[in-house]
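Enquirer: Below: one structure in structure tokens.
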Amino acid sequence: DAKTTQPTSMDCAEGRAANLPCNHSTISGNEYVYWYRQIHSQGPQYIIHGLKNNETNEMASLIITEDRKSSTLILPHATLRDTAVYYCIVRVVDSSYKLIFGSGTRLLVRP
Amino acid sequence: GAVVSQHPSWVICKSGTSVKIECRSLDFQATTMFWYRQFPKQSLMLMATSNEGSKATYEQGVEKDKFLINHASLTLSTLTVTSAHPEDSSFYICSARPGKGDWGGEHFGDGTRLSIL
């Protein structure tokens, strides 16, 4: 499985964009980049995923570099409720695949 | 959106008792469910994969006789922690994967906090 590396922690001011980086230099051609987050004492929540094109949904944007070796999750206007641990995971879209969580980035949104 | 319900959300029991945790997919059929364990300030650790109608597949180091998993229907998987001891105290989380389509990601329950006295 491709591994990912993320900063241990980050912070940003409320209302500003939060840019969370992820390195996945050994990603395979058939592996997608998925982002989840876990708010304290809750189960993880799916945010967004992509293969090679940039993606945007109501929660966030995902920017994947052309060589696919890294990506950035962007929360355009962070709120206090976005304080959570954010996990970047690379995986195949396959019925047998297991979702393995790394350490993630602990994002603190400051008032 | 898809909802996964986990019950109970919180349980305290005496050492030596068995505890059953339920994971239900409320609005979709889940051919595969997963069970995770999370200790304080750590990431989620996958314990086992539960497939409807077949035996669960356990990750290395997870005792299958200790953590009994049953996936009897397409909407329900249960995890039973047998003869629980204080070291089994943890946050247990399940996730459910739809049978087809929906590759937006697994849907997670809100976890069960288990405390063994």
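Each chain of the structure tokens is named A, B, ... in the order shown, its residues numbered from 1; ligands are numbered from 1 in display order.
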With only C-alpha atoms as the counted atoms, please give the residues lying no more than 7 Å from Cys13 (chain B), apart from itself and same-chain residues fewer than 4 positions off, as a list in words.

Expert: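 That gives Thr17, Ser115, Ile116 and Leu117 of chain B.
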
Enquirer: Could you produce a table of the residues of chain A lying within 9 Å of chain B, with the nearest pair of atoms per residue and their separation in Å rounded to one decimal, using only C-alpha atoms, ordered by chain and increasing residue number, as JSON lines?

Expert:
{"residue": "A:Tyr34", "atom": "CA", "partner": "B:Gly105", "partner_atom": "CA", "distance": 7.9}
{"residue": "A:Tyr36", "atom": "CA", "partner": "B:Gly105", "partner_atom": "CA", "distance": 8.8}
{"residue": "A:Ser41", "atom": "CA", "partner": "B:Gly111", "partner_atom": "CA", "distance": 7.7}
{"residue": "A:Gln42", "atom": "CA", "partner": "B:Asp110", "partner_atom": "CA", "distance": 4.8}
{"residue": "A:Gly43", "atom": "CA", "partner": "B:Asp110", "partner_atom": "CA", "distance": 4.3}
{"residue": "A:Pro44", "atom": "CA", "partner": "B:Phe108", "partner_atom": "CA", "distance": 6.1}
{"residue": "A:Gln45", "atom": "CA", "partner": "B:Phe108", "partner_atom": "CA", "distance": 6.9}
{"residue": "A:Tyr46", "atom": "CA", "partner": "B:Gly105", "partner_atom": "CA", "distance": 6.1}
{"residue": "A:Ile47", "atom": "CA", "partner": "B:Gly104", "partner_atom": "CA", "distance": 8.6}
{"residue": "A:Ile48", "atom": "CA", "partner": "B:Gly104", "partner_atom": "CA", "distance": 7.3}
{"residue": "A:His49", "atom": "CA", "partner": "B:Gly104", "partner_atom": "CA", "distance": 7.1}
{"residue": "A:Val93", "atom": "CA", "partner": "B:Trp103", "partner_atom": "CA", "distance": 6.9}
{"residue": "A:Asp94", "atom": "CA", "partner": "B:Trp103", "partner_atom": "CA", "distance": 8.9}
{"residue": "A:Ser95", "atom": "CA", "partner": "B:Gly99", "partner_atom": "CA", "distance": 8.0}
{"residue": "A:Ser96", "atom": "CA", "partner": "B:Thr32", "partner_atom": "CA", "distance": 8.7}
{"residue": "A:Lys98", "atom": "CA", "partner": "B:Thr49", "partner_atom": "CA", "distance": 7.9}
{"residue": "A:Leu99", "atom": "CA", "partner": "B:Leu46", "partner_atom": "CA", "distance": 7.9}
{"residue": "A:Ile100", "atom": "CA", "partner": "B:Leu46", "partner_atom": "CA", "distance": 6.8}
{"residue": "A:Phe101", "atom": "CA", "partner": "B:Leu44", "partner_atom": "CA", "distance": 6.0}
{"residue": "A:Gly102", "atom": "CA", "partner": "B:Ser43", "partner_atom": "CA", "distance": 6.5}
{"residue": "A:Ser103", "atom": "CA", "partner": "B:Ser43", "partner_atom": "CA", "distance": 5.5}
{"residue": "A:Gly104", "atom": "CA", "partner": "B:Ser43", "partner_atom": "CA", "distance": 7.7}

Enquirer: Report the distance between CA of His7 (chain B) and CA of Leu79 (chain B) in Å, rounded to one decimal place.

Expert: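 So the two atoms, CA of His7 (chain B) and CA of Leu79 (chain B), lie 10.5 Å apart.
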
Enquirer: Mind the document's chain letters and residue numbers, and return as number ranges by chain the residues of region 25-92 of chain A that DSSP labels strand (DSSP E or B).

Expert: A: 31-38, 45-50, 55-56, 61-64, 70-75, 84-92

Enquirer: Go ahead and compute the interatomic distance for CA of Glu66 (chain A) and CA of Leu51 (chain A), in Å to one decimal.

Expert: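 Between CA of Glu66 (chain A) and CA of Leu51 (chain A) the gap is 10.6 Å.
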
Enquirer: Give the answer as one residue: which of B:Ser77, B:Ser5, B:Ser15, B:Thr82 has the shortest atom-to-atom distance to Lys64 (chain B), using only C-alpha atoms?

Expert: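 Closest to Lys64 (chain B) of all the choices is B:Thr82.
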
Enquirer: One decimal, Å: what's the distance from CA of Trp35 (chain A) over to CA of Ala96 (chain B), could you say?

Expert: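 So the two atoms, CA of Trp35 (chain A) and CA of Ala96 (chain B), lie 16.7 Å apart.
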
Enquirer: For region 68-80 of chain A, find every residue with an atom within 6 Å (counting only C-alpha atoms), except residues of its own chain fewer than 3 positions away, and show them as a PDB file with all heavy atoms, in the first residue's frame.

Expert:
ATOM      1  N   GLU A  14      -9.882  31.434  12.092  1.00  0.00           N
ATOM      2  CA  GLU A  14     -11.263  31.280  11.632  1.00  0.00           C
ATOM      3  C   GLU A  14     -11.539  32.234  10.469  1.00  0.00           C
ATOM      4  O   GLU A  14     -11.138  33.392  10.493  1.00  0.00           O
ATOM      5  CB  GLU A  14     -12.209  31.580  12.789  1.00  0.00           C
ATOM      6  CG  GLU A  14     -13.669  31.306  12.490  1.00  0.00           C
ATOM      7  CD  GLU A  14     -14.560  31.572  13.681  1.00  0.00           C
ATOM      8  OE1 GLU A  14     -14.130  32.298  14.607  1.00  0.00           O
ATOM      9  OE2 GLU A  14     -15.682  31.044  13.704  1.00  0.00           O
ATOM     10  N   GLY A  15     -12.200  31.712   9.443  1.00  0.00           N
ATOM     11  CA  GLY A  15     -12.538  32.521   8.284  1.00  0.00           C
ATOM     12  C   GLY A  15     -11.494  32.488   7.178  1.00  0.00           C
ATOM     13  O   GLY A  15     -11.780  32.863   6.046  1.00  0.00           O
ATOM     14  N   ARG A  16     -10.298  32.043   7.526  1.00  0.00           N
ATOM     15  CA  ARG A  16      -9.243  31.934   6.522  1.00  0.00           C
ATOM     16  C   ARG A  16      -9.241  30.536   5.922  1.00  0.00           C
ATOM     17  O   ARG A  16      -9.847  29.596   6.449  1.00  0.00           O
ATOM     18  CB  ARG A  16      -7.879  32.233   7.158  1.00  0.00           C
ATOM     19  CG  ARG A  16      -7.793  33.565   7.856  1.00  0.00           C
ATOM     20  CD  ARG A  16      -7.989  34.735   6.899  1.00  0.00           C
ATOM     21  NE  ARG A  16      -6.899  34.820   5.921  1.00  0.00           N
ATOM     22  CZ  ARG A  16      -5.817  35.567   6.094  1.00  0.00           C
ATOM     23  NH1 ARG A  16      -5.639  36.249   7.198  1.00  0.00           N
ATOM     24  NH2 ARG A  16      -4.892  35.624   5.143  1.00  0.00           N
ATOM     25  N   ALA A  17      -8.533  30.398   4.814  1.00  0.00           N
ATOM     26  CA  ALA A  17      -8.425  29.085   4.182  1.00  0.00           C
ATOM     27  C   ALA A  17      -7.423  28.224   4.949  1.00  0.00           C
ATOM     28  O   ALA A  17      -6.376  28.699   5.386  1.00  0.00           O
ATOM     29  CB  ALA A  17      -7.979  29.233   2.734  1.00  0.00           C
ATOM     30  N   ALA A  18      -7.781  26.964   5.098  1.00  0.00           N
ATOM     31  CA  ALA A  18      -6.872  25.982   5.694  1.00  0.00           C
ATOM     32  C   ALA A  18      -6.375  25.085   4.569  1.00  0.00           C
ATOM     33  O   ALA A  18      -7.179  24.504   3.838  1.00  0.00           O
ATOM     34  CB  ALA A  18      -7.581  25.162   6.761  1.00  0.00           C
ATOM     35  N   ASN A  19      -5.061  25.021   4.428  1.00  0.00           N
ATOM     36  CA  ASN A  19      -4.442  24.203   3.382  1.00  0.00           C
ATOM     37  C   ASN A  19      -3.669  23.072   4.034  1.00  0.00           C
ATOM     38  O   ASN A  19      -2.642  23.294   4.673  1.00  0.00           O
ATOM     39  CB  ASN A  19      -3.489  25.049   2.527  1.00  0.00           C
ATOM     40  CG  ASN A  19      -4.214  26.182   1.815  1.00  0.00           C
ATOM     41  OD1 ASN A  19      -5.181  25.949   1.106  1.00  0.00           O
ATOM     42  ND2 ASN A  19      -3.770  27.411   2.032  1.00  0.00           N
ATOM     43  N   LEU A  20      -4.162  21.858   3.856  1.00  0.00           N
ATOM     44  CA  LEU A  20      -3.536  20.704   4.499  1.00  0.00           C
ATOM     45  C   LEU A  20      -2.808  19.875   3.452  1.00  0.00           C
ATOM     46  O   LEU A  20      -3.427  19.309   2.556  1.00  0.00           O
ATOM     47  CB  LEU A  20      -4.586  19.850   5.215  1.00  0.00           C
ATOM     48  CG  LEU A  20      -5.228  20.475   6.457  1.00  0.00           C
ATOM     49  CD1 LEU A  20      -6.428  21.327   6.093  1.00  0.00           C
ATOM     50  CD2 LEU A  20      -5.618  19.395   7.446  1.00  0.00           C
ATOM     51  N   PRO A  21      -1.482  19.761   3.588  1.00  0.00           N
ATOM     52  CA  PRO A  21      -0.711  19.018   2.581  1.00  0.00           C
ATOM     53  C   PRO A  21      -0.615  17.533   2.904  1.00  0.00           C
ATOM     54  O   PRO A  21      -0.751  17.113   4.064  1.00  0.00           O
ATOM     55  CB  PRO A  21       0.674  19.674   2.680  1.00  0.00           C
ATOM     56  CG  PRO A  21       0.786  20.060   4.122  1.00  0.00           C
ATOM     57  CD  PRO A  21      -0.615  20.423   4.572  1.00  0.00           C
ATOM     58  N   CYS A  22      -0.358  16.775   1.857  1.00  0.00           N
ATOM     59  CA  CYS A  22      -0.169  15.328   2.008  1.00  0.00           C
ATOM     60  C   CYS A  22       0.804  14.866   0.921  1.00  0.00           C
ATOM     61  O   CYS A  22       0.621  15.177  -0.250  1.00  0.00           O
ATOM     62  CB  CYS A  22      -1.502  14.603   1.881  1.00  0.00           C
ATOM     63  SG  CYS A  22      -1.379  12.799   2.015  1.00  0.00           S
ATOM     64  N   ASN A  23       1.821  14.129   1.329  1.00  0.00           N
ATOM     65  CA  ASN A  23       2.746  13.536   0.374  1.00  0.00           C
ATOM     66  C   ASN A  23       2.444  12.060   0.193  1.00  0.00           C
ATOM     67  O   ASN A  23       2.254  11.335   1.170  1.00  0.00           O
ATOM     68  CB  ASN A  23       4.195  13.706   0.851  1.00  0.00           C
ATOM     69  CG  ASN A  23       4.669  15.127   0.696  1.00  0.00           C
ATOM     70  OD1 ASN A  23       4.346  15.791  -0.281  1.00  0.00           O
ATOM     71  ND2 ASN A  23       5.417  15.614   1.663  1.00  0.00           N
ATOM     72  N   HIS A  24       2.379  11.643  -1.046  1.00  0.00           N
ATOM     73  CA  HIS A  24       2.145  10.224  -1.360  1.00  0.00           C
ATOM     74  C   HIS A  24       2.979   9.871  -2.566  1.00  0.00           C
ATOM     75  O   HIS A  24       2.453   9.546  -3.642  1.00  0.00           O
ATOM     76  CB  HIS A  24       0.656   9.935  -1.572  1.00  0.00           C
ATOM     77  CG  HIS A  24      -0.131  11.067  -2.161  1.00  0.00           C
ATOM     78  ND1 HIS A  24      -0.129  11.393  -3.498  1.00  0.00           N
ATOM     79  CD2 HIS A  24      -0.948  11.965  -1.550  1.00  0.00           C
ATOM     80  CE1 HIS A  24      -0.918  12.426  -3.700  1.00  0.00           C
ATOM     81  NE2 HIS A  24      -1.429  12.806  -2.544  1.00  0.00           N
ATOM     82  N   SER A  25       4.288   9.901  -2.392  1.00  0.00           N
ATOM     83  CA  SER A  25       5.219   9.782  -3.518  1.00  0.00           C
ATOM     84  C   SER A  25       5.231   8.405  -4.155  1.00  0.00           C
ATOM     85  O   SER A  25       5.703   8.253  -5.278  1.00  0.00           O
ATOM     86  CB  SER A  25       6.632  10.158  -3.060  1.00  0.00           C
ATOM     87  OG  SER A  25       7.044   9.318  -2.001  1.00  0.00           O
ATOM     88  N   ALA A  60     -14.984  20.986   0.640  1.00  0.00           N
ATOM     89  CA  ALA A  60     -13.568  21.291   0.444  1.00  0.00           C
ATOM     90  C   ALA A  60     -13.182  21.173  -1.018  1.00  0.00           C
ATOM     91  O   ALA A  60     -13.983  20.751  -1.852  1.00  0.00           O
ATOM     92  CB  ALA A  60     -12.730  20.313   1.283  1.00  0.00           C
ATOM     93  N   SER A  61     -11.933  21.546  -1.284  1.00  0.00           N
ATOM     94  CA  SER A  61     -11.326  21.325  -2.590  1.00  0.00           C
ATOM     95  C   SER A  61     -10.103  20.449  -2.416  1.00  0.00           C
ATOM     96  O   SER A  61      -9.419  20.513  -1.382  1.00  0.00           O
ATOM     97  CB  SER A  61     -10.917  22.656  -3.231  1.00  0.00           C
ATOM     98  OG  SER A  61     -12.055  23.441  -3.531  1.00  0.00           O
ATOM     99  N   LEU A  62      -9.847  19.648  -3.422  1.00  0.00           N
ATOM    100  CA  LEU A  62      -8.686  18.773  -3.416  1.00  0.00           C
ATOM    101  C   LEU A  62      -7.842  19.095  -4.629  1.00  0.00           C
ATOM    102  O   LEU A  62      -8.342  19.022  -5.757  1.00  0.00           O
ATOM    103  CB  LEU A  62      -9.119  17.303  -3.450  1.00  0.00           C
ATOM    104  CG  LEU A  62      -8.012  16.259  -3.606  1.00  0.00           C
ATOM    105  CD1 LEU A  62      -7.037  16.328  -2.443  1.00  0.00           C
ATOM    106  CD2 LEU A  62      -8.620  14.861  -3.712  1.00  0.00           C
ATOM    107  N   ILE A  63      -6.600  19.468  -4.363  1.00  0.00           N
ATOM    108  CA  ILE A  63      -5.665  19.780  -5.444  1.00  0.00           C
ATOM    109  C   ILE A  63      -4.612  18.688  -5.481  1.00  0.00           C
ATOM    110  O   ILE A  63      -3.923  18.451  -4.483  1.00  0.00           O
ATOM    111  CB  ILE A  63      -4.983  21.148  -5.205  1.00  0.00           C
ATOM    112  CG1 ILE A  63      -6.028  22.248  -4.950  1.00  0.00           C
ATOM    113  CG2 ILE A  63      -4.087  21.502  -6.394  1.00  0.00           C
ATOM    114  CD1 ILE A  63      -6.977  22.493  -6.084  1.00  0.00           C
ATOM    115  N   ILE A  64      -4.496  18.015  -6.609  1.00  0.00           N
ATOM    116  CA  ILE A  64      -3.531  16.932  -6.774  1.00  0.00           C
ATOM    117  C   ILE A  64      -2.489  17.397  -7.780  1.00  0.00           C
ATOM    118  O   ILE A  64      -2.839  17.878  -8.863  1.00  0.00           O
ATOM    119  CB  ILE A  64      -4.212  15.646  -7.264  1.00  0.00           C
ATOM    120  CG1 ILE A  64      -5.318  15.230  -6.279  1.00  0.00           C
ATOM    121  CG2 ILE A  64      -3.198  14.516  -7.418  1.00  0.00           C
ATOM    122  CD1 ILE A  64      -6.150  14.047  -6.744  1.00  0.00           C
ATOM    123  N   THR A  65      -1.216  17.253  -7.443  1.00  0.00           N
ATOM    124  CA  THR A  65      -0.158  17.677  -8.360  1.00  0.00           C
ATOM    125  C   THR A  65      -0.170  16.807  -9.617  1.00  0.00           C
ATOM    126  O   THR A  65      -0.686  15.678  -9.607  1.00  0.00           O
ATOM    127  CB  THR A  65       1.217  17.600  -7.690  1.00  0.00           C
ATOM    128  OG1 THR A  65       1.432  16.251  -7.228  1.00  0.00           O
ATOM    129  CG2 THR A  65       1.293  18.552  -6.509  1.00  0.00           C
ATOM    130  N   THR A  83     -12.193  22.195  13.400  1.00  0.00           N
ATOM    131  CA  THR A  83     -11.114  21.660  14.240  1.00  0.00           C
ATOM    132  C   THR A  83     -11.282  20.147  14.351  1.00  0.00           C
ATOM    133  O   THR A  83     -12.319  19.661  14.801  1.00  0.00           O
ATOM    134  CB  THR A  83     -11.142  22.301  15.639  1.00  0.00           C
ATOM    135  OG1 THR A  83     -10.783  23.680  15.525  1.00  0.00           O
ATOM    136  CG2 THR A  83     -10.182  21.600  16.589  1.00  0.00           C
ATOM    137  N   VAL A 109      -8.466  25.339  14.495  1.00  0.00           N
ATOM    138  CA  VAL A 109      -8.941  26.610  13.956  1.00  0.00           C
ATOM    139  C   VAL A 109      -9.097  27.576  15.122  1.00  0.00           C
ATOM    140  O   VAL A 109      -9.856  27.325  16.060  1.00  0.00           O
ATOM    141  CB  VAL A 109     -10.277  26.438  13.209  1.00  0.00           C
ATOM    142  CG1 VAL A 109     -10.742  27.786  12.648  1.00  0.00           C
ATOM    143  CG2 VAL A 109     -10.129  25.418  12.087  1.00  0.00           C
TER     144      VAL A 109
END
